[in-house]
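This report refers to the structure that appears directly beneath it.
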Amino acid sequence: MSSSSLRARLTLVAILSATTFYFIYKSRRLNKLLRLKPKNPENPRKGKLFFISQTGTSKTLAERLHSHLTSLDLPFELVDPRNYEPEDLPKETLILIVASTWEDGKPPETAKFFVDWLAESANDFRVGSLLLSRCKFAVFGVGSGAYEKSFNMVGRDLSNKMRELGAAEVLPVFEGDVDGGELDVVFEDWSKRVVAVLKGSGEDDHVGNGSVESVVGMESDDFDDDGGADDDDDDDDDEVESEMVDLEDIAGKGPSRRSMNVAEINGKVTNGKRDMVTPVIRASLEKQGYKIIGSHSGVKICRWTKSQLRGRGGCYKHSFYGIESHRCMEATPSLACANKCVFCWRHHTNPVGKSWQWKMDDPLVIVNTAIDLHTKMIKQMKGVPGVTQERLNEGLTPRHCALSLVGEPIMYPEINTLVDELHQRRISTFLVTNAQFPDKIKLLKPITQLYVSVDAATKDSLKAIDRPLFGDFWERFLDSLKALREKQQRTVYRLTLVKGWNTEDIDAYFQLFSIGSPDFVEIKGVTYCGSSATSKLTMENVPWHSDVKAFSEALSLKSKGEYEVACEHAHSCCVLLAKTDKFKVNGQWYTWIDYEKFHDLVASGRPFNSNDYMAATPSWAVYGAEEGGFDPDHTRYRKERNHKPKQ
């Protein structure tokens with residue numbers, strides 16, 4: 001053997017020996033670190049109770065559990081992940097997490113760094129699977145069961161990543177559904193199991209002997225080689241599989257679970273069908289002024305109804321279509337919706353769903369009750385300054401029904417029967433659909449005026465603004481526009497402009513015109529409804545009336561005369577485009593409706609179209625008029641604005 005070969009072999013042996021010694025040293029060092037007891041067993045580290053919350057529900061639930069644990073002398077520190085350094089996680093020995101899922105299965109922005117850190121650590125081969133081997137944990141997920149593909153994804157992912165990093169899961173992930181009506185029940189069950197585990201009498205008896213201290217003070221010898229506890233039963237078969245959804249935090253704001261029984265929390269169940277409106281949802285909606293009808297419908301008096309009763313002007317529908325605002329009833333037969341729009345003025349307190357899954361009330365009962373509740377609210381206006389007896393008497397006999405209060409009215413299986421009941425009472429119908437149920441649109445009987453909400457002009461922007469439940473939302477949207485085209489009665493695209501979201505897509509909006517060929521296009525600035533954790537909108541997103549006018553004029557110009565700007569209602573920041581060849585006769589606009597003619601046509605049973613019941617538009621409502629769409633027979637009332645001067 002040559003001297004060079006010998007030197008090479010000796011060098012290789014030396015390298016291998018050094019490498020072996022290094023790994024033995026690191027292995028012993030790691031074992032020594034893992035077997036260290038807490039430095040201060042007299043005052044061990046508290047368990048951590050994290051809440052990952054967007055709108056406050058998870059925080060409310062975590063605070064409830066925290067108070068309960070404290071009362072049982074089981075001390076935990078309540079932690080907002082935005083104020084926590086994830087690098088400290090290896091120091092923790094006991095963690096409870098109440099986690100919400102937000103848009104597209106992602107965590108709320110406040111917890112993004114925390115969740116990303118866990119994911120990156122779990123995927124980093126340099127970290128290893130023993131990083132959290134001293135830690136035991138349990139996760140409760142909060143989500144909305146209406147989003148099938150991302151239901152409680154954050155909670156599940158947290159559980160997976162914690163286990164991948166060596167933490168031992170003492171309970172399977174529990175999943176609460178804010179839209180299923182059982183969130184409080186499931187959370188109460190999870191909380192009881194957590195307490196049982198902490199006291200050493202639950203699913204993981206070795207965890208403690210009656211105190212948190214016994215859990216926090218455990219040595220690493222109490223764990224097996226896989227990072228779990230010696231007696232830990234990690235049977236995946238015990239986990240209940242459920243549909244995946246995106247979170248919408250609305251629970252935890254109604255009556256306390258402790259003061260309610262199970263039936264009160266979940267709502268009544270009849271023949272296997274649950275009430276759509278649970279007591280929690282009912283309490284929230286009633287606080288907003290809704291009158292709940294039966295188990296899934298509602299009615300509410302509009303501020304414009306009150307305004308016209310007082311002779312202070314009507315809404316934009318009065319200016320555009322000639323309705324009498326003081327005789328208009330705002331209602332819905334379905335409080336549920338298939339979208340969770342960022343500009344929802346109900347702050348997402350209504351239920352959501354993709355199909356009818358609830359108990360169904362009789363349409364005749366809904367109509368009769370709606371009229372009864374509406375007239376009771378009208379009677380309460382008696383004696384209010386400006387309300388004359390004549391207008392009050394007229395208001396007690398509603399002549400119009402705006403089926404646009406909240407939710408998706410065409411989800412109600414008996415919508416056609418309900419519309420028939422209204423028309424038989426010679427009450428006109430203005431029905432708004434959110435363009436997710438094209439088959440339902442096709443089956444609709446004649447409506448006085450049928451709306452489709454066109455909240456965005458592109459697939460990406462529609463997803464961002466409407467946050468739809470359906471995965472094929474764009475296809476459903478386009479099919480809804482096509483279904484609208486086949487209708488013979490008046491049809492409308494309703495555009496809600498949100499600065500910074502959908503005001504730059506004029507070309508894309510115009511391309512949608514040819515699909516549905518609507519009679520009218522209503523363009524309205526978004527209404528700011530105050531701060532809400534469910535919405536990122538601020539006053540900066542609210543366009544001025546001049547912005548809406550400029551947008552409308554640009555669309556009209558793009559149509560090359562097919563649509564012209566016909567009317568405006570400056571007070572509502574709203575403009576109307578109308579088809580020129582149908583509704584402009586000899587230079588005169590005919591956007592108003594002959595309501596008596598419409599009811600006669602419906603009663604005749606003969607086919608008819610939108611031209612058969614149009615009426616002339618008064619000059620004060622026409623675009624560009626000095627009145628700006630305000631009825632000169634009424635008195636304009638301007639509120640005094642006593643804003644404090646800027647410091």
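Following the order of the structure tokens, chains are lettered A, B, ..., residues in each are numbered from 1, and ligands are numbered from 1.
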Tell me, as a ChimeraX atom specification, which residues lie within 7 Å of stretch 316-323 of chain A, counting only C-alpha atoms; anything in the same chain fewer than 3 positions away does not count. /A:567,569,572,591-593,621,629
Since we have the selection now, will you write its residues out, keeping C-alpha atoms, as an mmCIF file, in the first residue's frame?
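The resulting result.cif:
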data_model
loop_
_atom_site.group_PDB
_atom_site.id
_atom_site.type_symbol
_atom_site.label_atom_id
_atom_site.label_comp_id
_atom_site.auth_asym_id
_atom_site.auth_seq_id
_atom_site.Cartn_x
_atom_site.Cartn_y
_atom_site.Cartn_z
ATOM 1 C CA CYS A 567 -81.867 59.158 -12.883
ATOM 2 C CA HIS A 569 -80.664 60.186 -5.992
ATOM 3 C CA SER A 572 -78.352 57.875 -1.442
ATOM 4 C CA THR A 591 -88.349 54.371 -15.612
ATOM 5 C CA TRP A 592 -91.349 54.592 -13.266
ATOM 6 C CA ILE A 593 -93.789 51.733 -12.821
ATOM 7 C CA ALA A 621 -85.904 62.572 -10.788
ATOM 8 C CA GLY A 629 -83.659 63.209 -7.261
#
Which polymer residues have any atom within 10 Å of an atom of A:Tyr563, counting only C-alpha atoms, with same-chain residues fewer than 3 positions away left out, as a list in words?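 The neighbour list is Phe513, Pro518, Asp519, Phe520, Val521, Ser552, Glu553, Leu555, Ser556, Leu557, Lys558, Ser559, Lys560, Ala566, Leu576, Leu577, Ala578, Lys579, Thr580, Asp581, Lys582 and Phe583 of chain A.
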Export of the given selection (N, CA and C atoms) as an mmCIF file, in the first residue's frame:
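Contents of out.cif, as written:
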data_model
loop_
_atom_site.group_PDB
_atom_site.id
_atom_site.type_symbol
_atom_site.label_atom_id
_atom_site.label_comp_id
_atom_site.auth_asym_id
_atom_site.auth_seq_id
_atom_site.Cartn_x
_atom_site.Cartn_y
_atom_site.Cartn_z
ATOM 1 N N PHE A 513 -72.549 43.253 -19.198
ATOM 2 C CA PHE A 513 -73.837 43.757 -19.672
ATOM 3 C C PHE A 513 -74.426 42.852 -20.747
ATOM 4 N N PRO A 518 -79.519 43.529 -18.775
ATOM 5 C CA PRO A 518 -80.531 44.042 -17.839
ATOM 6 C C PRO A 518 -81.231 45.284 -18.378
ATOM 7 N N ASP A 519 -82.463 45.514 -17.911
ATOM 8 C CA ASP A 519 -83.177 46.739 -18.282
ATOM 9 C C ASP A 519 -82.513 47.951 -17.648
ATOM 10 N N PHE A 520 -82.057 47.770 -16.420
ATOM 11 C CA PHE A 520 -81.480 48.879 -15.665
ATOM 12 C C PHE A 520 -80.183 48.440 -14.975
ATOM 13 N N VAL A 521 -79.365 49.426 -14.654
ATOM 14 C CA VAL A 521 -78.164 49.190 -13.856
ATOM 15 C C VAL A 521 -78.152 50.241 -12.748
ATOM 16 N N SER A 552 -70.607 56.015 -13.512
ATOM 17 C CA SER A 552 -71.814 55.744 -14.297
ATOM 18 C C SER A 552 -71.703 56.321 -15.706
ATOM 19 N N GLU A 553 -71.196 57.517 -15.787
ATOM 20 C CA GLU A 553 -71.043 58.152 -17.097
ATOM 21 C C GLU A 553 -70.032 57.393 -17.958
ATOM 22 N N LEU A 555 -69.428 54.159 -17.800
ATOM 23 C CA LEU A 555 -70.101 52.946 -18.259
ATOM 24 C C LEU A 555 -71.055 53.245 -19.408
ATOM 25 N N SER A 556 -71.787 54.333 -19.271
ATOM 26 C CA SER A 556 -72.716 54.738 -20.330
ATOM 27 C C SER A 556 -71.960 55.003 -21.632
ATOM 28 N N LEU A 557 -70.853 55.687 -21.525
ATOM 29 C CA LEU A 557 -70.038 55.981 -22.695
ATOM 30 C C LEU A 557 -69.518 54.702 -23.332
ATOM 31 N N LYS A 558 -69.132 53.749 -22.486
ATOM 32 C CA LYS A 558 -68.621 52.472 -22.984
ATOM 33 C C LYS A 558 -69.699 51.707 -23.761
ATOM 34 N N SER A 559 -70.958 51.893 -23.370
ATOM 35 C CA SER A 559 -72.053 51.164 -24.029
ATOM 36 C C SER A 559 -72.426 51.740 -25.390
ATOM 37 N N LYS A 560 -71.876 52.893 -25.718
ATOM 38 C CA LYS A 560 -72.122 53.542 -27.016
ATOM 39 C C LYS A 560 -73.612 53.766 -27.275
ATOM 40 N N ALA A 566 -80.014 57.802 -16.548
ATOM 41 C CA ALA A 566 -81.406 58.259 -16.569
ATOM 42 C C ALA A 566 -81.804 59.035 -15.321
ATOM 43 N N LEU A 576 -78.841 55.734 -11.804
ATOM 44 C CA LEU A 576 -79.514 54.698 -12.585
ATOM 45 C C LEU A 576 -79.179 54.812 -14.065
ATOM 46 N N LEU A 577 -78.702 53.699 -14.632
ATOM 47 C CA LEU A 577 -78.578 53.576 -16.079
ATOM 48 C C LEU A 577 -79.794 52.815 -16.584
ATOM 49 N N ALA A 578 -80.314 53.211 -17.752
ATOM 50 C CA ALA A 578 -81.483 52.531 -18.314
ATOM 51 C C ALA A 578 -81.244 52.257 -19.790
ATOM 52 N N LYS A 579 -81.844 51.182 -20.284
ATOM 53 C CA LYS A 579 -81.743 50.859 -21.702
ATOM 54 C C LYS A 579 -82.470 51.921 -22.510
ATOM 55 N N THR A 580 -81.750 52.528 -23.395
ATOM 56 C CA THR A 580 -82.299 53.665 -24.140
ATOM 57 C C THR A 580 -83.441 53.263 -25.055
ATOM 58 N N ASP A 581 -83.301 52.149 -25.780
ATOM 59 C CA ASP A 581 -84.313 51.776 -26.771
ATOM 60 C C ASP A 581 -85.626 51.324 -26.147
ATOM 61 N N LYS A 582 -85.617 50.974 -24.862
ATOM 62 C CA LYS A 582 -86.831 50.493 -24.217
ATOM 63 C C LYS A 582 -87.517 51.547 -23.351
ATOM 64 N N PHE A 583 -86.712 52.384 -22.688
ATOM 65 C CA PHE A 583 -87.298 53.254 -21.668
ATOM 66 C C PHE A 583 -87.145 54.744 -21.939
#
Name all residues at most 8 Å from A:Met329 (count only C-alpha atoms; drop same-chain ones fewer than 3 positions away) and give them as number ranges by chain. A: 299-302, 371, 374, 398-402
Since we have the selection now, will you write its residues out, keeping N, CA and C atoms, as a tab-separated table (two decimals), in the first residue's frame?
chain	number	residue	atom	x	y	z
A	299	VAL	N	-88.64	40.97	9.23
A	299	VAL	CA	-89.14	42.22	8.69
A	299	VAL	C	-88.56	43.35	9.53
A	300	LYS	N	-88.33	44.49	8.91
A	300	LYS	CA	-87.76	45.62	9.61
A	300	LYS	C	-88.23	46.90	8.93
A	301	ILE	N	-88.52	47.92	9.72
A	301	ILE	CA	-88.95	49.19	9.12
A	301	ILE	C	-87.71	49.95	8.65
A	302	CYS	N	-87.80	50.45	7.42
A	302	CYS	CA	-86.68	51.16	6.81
A	302	CYS	C	-86.67	52.62	7.24
A	371	ILE	N	-96.85	41.49	7.42
A	371	ILE	CA	-97.72	42.67	7.31
A	371	ILE	C	-98.17	43.13	8.68
A	374	HIS	N	-95.20	44.75	10.42
A	374	HIS	CA	-94.88	46.01	9.75
A	374	HIS	C	-95.86	47.11	10.16
A	398	PRO	N	-99.49	48.53	3.22
A	398	PRO	CA	-98.30	48.47	2.37
A	398	PRO	C	-98.65	48.12	0.92
A	399	ARG	N	-97.95	48.75	-0.01
A	399	ARG	CA	-98.18	48.51	-1.43
A	399	ARG	C	-96.93	48.00	-2.14
A	400	HIS	N	-95.83	47.95	-1.42
A	400	HIS	CA	-94.59	47.46	-2.00
A	400	HIS	C	-93.87	46.59	-0.98
A	401	CYS	N	-93.15	45.59	-1.46
A	401	CYS	CA	-92.35	44.74	-0.58
A	401	CYS	C	-90.96	44.59	-1.17
A	402	ALA	N	-89.97	45.10	-0.45
A	402	ALA	CA	-88.58	44.93	-0.85
A	402	ALA	C	-88.05	43.65	-0.22
List every residue of stretch 404-446 of chain A that DSSP, applied to the backbone, labels as strand (DSSP E), and write the result as a PyMOL selection string. chain A and resi 428-433
Spatial neighbours of A:Lys192, max dist 12 Å, only C-alpha atoms, sep filter under 2 positions, as a PyMOL selection string: chain A and resi 65+68-69+72+171+185-190+194-199+201-203
Let's have the selection written as a short mmCIF file (atom, residue, chain, number, x, y, z; two decimals), in the first residue's frame, with N, CA and C atoms.
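Now in part.cif:
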data_model
loop_
_atom_site.label_atom_id
_atom_site.label_comp_id
_atom_site.auth_asym_id
_atom_site.auth_seq_id
_atom_site.Cartn_x
_atom_site.Cartn_y
_atom_site.Cartn_z
N LEU A 65 -63.38 30.22 29.43
CA LEU A 65 -62.65 29.07 29.96
C LEU A 65 -61.61 29.52 30.99
N HIS A 68 -63.19 30.12 34.27
CA HIS A 68 -63.59 28.86 34.89
C HIS A 68 -62.37 28.15 35.48
N LEU A 69 -61.27 28.12 34.76
CA LEU A 69 -60.06 27.46 35.25
C LEU A 69 -59.53 28.17 36.49
N LEU A 72 -61.27 27.27 39.57
CA LEU A 72 -60.95 25.92 40.03
C LEU A 72 -59.50 25.82 40.52
N LEU A 171 -56.17 15.80 23.95
CA LEU A 171 -57.54 15.64 23.49
C LEU A 171 -57.56 15.80 21.97
N VAL A 185 -72.37 24.56 22.88
CA VAL A 185 -72.50 23.20 23.41
C VAL A 185 -71.20 22.43 23.25
N VAL A 186 -70.63 22.49 22.06
CA VAL A 186 -69.38 21.77 21.78
C VAL A 186 -68.24 22.33 22.63
N PHE A 187 -68.20 23.64 22.77
CA PHE A 187 -67.13 24.25 23.57
C PHE A 187 -67.26 23.86 25.04
N GLU A 188 -68.49 23.80 25.53
CA GLU A 188 -68.70 23.40 26.92
C GLU A 188 -68.22 21.97 27.14
N ASP A 189 -68.49 21.10 26.17
CA ASP A 189 -68.04 19.70 26.26
C ASP A 189 -66.52 19.64 26.28
N TRP A 190 -65.89 20.38 25.37
CA TRP A 190 -64.42 20.41 25.31
C TRP A 190 -63.84 20.94 26.61
N VAL A 194 -61.21 19.19 29.16
CA VAL A 194 -59.94 19.82 29.51
C VAL A 194 -59.76 19.82 31.03
N VAL A 195 -60.79 20.23 31.74
CA VAL A 195 -60.71 20.26 33.20
C VAL A 195 -60.46 18.86 33.75
N ALA A 196 -61.15 17.88 33.17
CA ALA A 196 -60.96 16.50 33.64
C ALA A 196 -59.52 16.04 33.43
N VAL A 197 -58.94 16.40 32.29
CA VAL A 197 -57.55 16.04 32.01
C VAL A 197 -56.62 16.71 33.01
N LEU A 198 -56.86 17.99 33.27
CA LEU A 198 -56.01 18.73 34.20
C LEU A 198 -56.08 18.17 35.61
N LYS A 199 -57.25 17.64 35.96
CA LYS A 199 -57.42 17.09 37.30
C LYS A 199 -57.06 15.61 37.37
N SER A 201 -58.50 13.07 35.76
CA SER A 201 -59.61 12.11 35.73
C SER A 201 -60.23 12.02 34.35
N GLY A 202 -59.51 12.56 33.36
CA GLY A 202 -60.08 12.58 32.02
C GLY A 202 -59.45 11.57 31.10
N GLU A 203 -59.42 11.90 29.81
CA GLU A 203 -58.95 10.96 28.79
C GLU A 203 -57.47 10.67 28.94
#
Suppose you want the space between atom CA of A:Leu601 and atom CA of A:Thr448; what is it in Å?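 Going from atom CA of A:Leu601 over to atom CA of A:Thr448, I get 10.7 Å.
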Nearest to A:Tyr623 by atom-to-atom distance, counting only C-alpha atoms, from A:Ile410, A:Ala62, A:Val602, A:Cys574: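 Among the listed residues, the smallest separation from A:Tyr623 belongs to A:Cys574.
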Counting only C-alpha atoms, the option among A:Asp372, A:Glu564, A:Glu148, A:Glu330 closest to A:Gly298: A:Glu330
Excluding same-chain residues fewer than 2 positions from A:Thr503, what lies within 10 Å of it counting only C-alpha atoms, as a PyMOL selection string? chain A and resi 456-457+496-501+505-506+509+525+543+547-548+551
Dump N, CA and C atoms for the selected residues as an mmCIF file, in the first residue's frame?
data_model
loop_
_atom_site.group_PDB
_atom_site.id
_atom_site.type_symbol
_atom_site.label_atom_id
_atom_site.label_comp_id
_atom_site.auth_asym_id
_atom_site.auth_seq_id
_atom_site.Cartn_x
_atom_site.Cartn_y
_atom_site.Cartn_z
ATOM 1 N N ALA A 456 -68.852 42.699 -8.242
ATOM 2 C CA ALA A 456 -67.518 42.804 -8.834
ATOM 3 C C ALA A 456 -67.589 42.289 -10.262
ATOM 4 N N ALA A 457 -66.571 42.628 -11.057
ATOM 5 C CA ALA A 457 -66.611 42.293 -12.474
ATOM 6 C C ALA A 457 -65.641 41.188 -12.867
ATOM 7 N N THR A 496 -72.540 47.784 -6.272
ATOM 8 C CA THR A 496 -72.144 48.515 -5.071
ATOM 9 C C THR A 496 -70.670 48.866 -5.201
ATOM 10 N N LEU A 497 -70.387 50.155 -5.306
ATOM 11 C CA LEU A 497 -69.005 50.590 -5.504
ATOM 12 C C LEU A 497 -68.277 50.731 -4.172
ATOM 13 N N VAL A 498 -67.111 50.096 -4.104
ATOM 14 C CA VAL A 498 -66.265 50.158 -2.915
ATOM 15 C C VAL A 498 -64.889 50.648 -3.354
ATOM 16 N N LYS A 499 -64.551 51.841 -2.955
ATOM 17 C CA LYS A 499 -63.260 52.415 -3.352
ATOM 18 C C LYS A 499 -62.116 51.490 -2.948
ATOM 19 N N GLY A 500 -61.225 51.261 -3.893
ATOM 20 C CA GLY A 500 -60.081 50.415 -3.604
ATOM 21 C C GLY A 500 -60.341 48.946 -3.823
ATOM 22 N N TRP A 501 -61.588 48.589 -4.157
ATOM 23 C CA TRP A 501 -61.946 47.181 -4.341
ATOM 24 C C TRP A 501 -62.452 46.899 -5.758
ATOM 25 N N ASP A 505 -62.744 48.642 -12.622
ATOM 26 C CA ASP A 505 -62.984 47.591 -13.627
ATOM 27 C C ASP A 505 -64.115 47.937 -14.592
ATOM 28 N N ILE A 506 -64.116 49.137 -15.142
ATOM 29 C CA ILE A 506 -65.212 49.579 -16.010
ATOM 30 C C ILE A 506 -65.346 48.676 -17.239
ATOM 31 N N TYR A 509 -66.839 45.349 -16.190
ATOM 32 C CA TYR A 509 -68.269 45.488 -15.888
ATOM 33 C C TYR A 509 -69.083 45.535 -17.170
ATOM 34 N N GLY A 525 -72.944 53.890 -4.157
ATOM 35 C CA GLY A 525 -71.768 53.867 -3.305
ATOM 36 C C GLY A 525 -72.027 53.016 -2.074
ATOM 37 N N PRO A 543 -67.282 55.957 -1.708
ATOM 38 C CA PRO A 543 -67.130 56.960 -2.766
ATOM 39 C C PRO A 543 -68.071 58.145 -2.569
ATOM 40 N N ASP A 547 -68.041 60.621 -7.500
ATOM 41 C CA ASP A 547 -67.337 59.415 -7.953
ATOM 42 C C ASP A 547 -68.300 58.444 -8.632
ATOM 43 N N VAL A 548 -69.474 58.281 -8.026
ATOM 44 C CA VAL A 548 -70.481 57.375 -8.578
ATOM 45 C C VAL A 548 -70.969 57.900 -9.931
ATOM 46 N N PHE A 551 -68.275 57.243 -12.577
ATOM 47 C CA PHE A 551 -68.256 55.825 -12.921
ATOM 48 C C PHE A 551 -69.428 55.493 -13.845
#
Please identify all polymer residues within 9 Å of A:Lys306, counting only C-alpha atoms, omitting same-chain residues fewer than 6 positions from it, and present them as a list of chain:residue names.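 Near neighbours after the sequence-gap exclusion: A:Arg312, A:Gly314, A:Ser325, A:His326, A:Ile378, A:Met381, A:Val387.
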Expected file contents, prior selection, C-alpha atoms, as a compact mmCIF listing (two decimals), in the first residue's frame:
# COMPACT_ATOMS: atom_id res chain seq x y z
CA ARG A 312 -88.89 64.36 4.51
CA GLY A 314 -88.31 58.96 -0.06
CA SER A 325 -91.51 54.71 0.52
CA HIS A 326 -93.93 55.12 3.42
CA ILE A 378 -95.91 52.00 11.41
CA MET A 381 -94.84 56.55 14.25
CA VAL A 387 -96.34 62.45 10.42
To one decimal place in Å, what is the distance between atom CA of A:Ala550 and atom CA of A:Val565?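 Taking atom CA of A:Ala550 as the start and atom CA of A:Val565 as the end point, the length is 10.6 Å.
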Non-local contacts of A:Leu165 (7 Å; only C-alpha atoms; under 4 positions in same chain excluded) as a ChimeraX atom specification: /A:122,128-132,161
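Candidate residues A:Tyr147, A:Phe51, A:Phe140, A:Phe114 were compared for distance to A:Arg467, and the nearest is A:Tyr147, using only C-alpha atoms.
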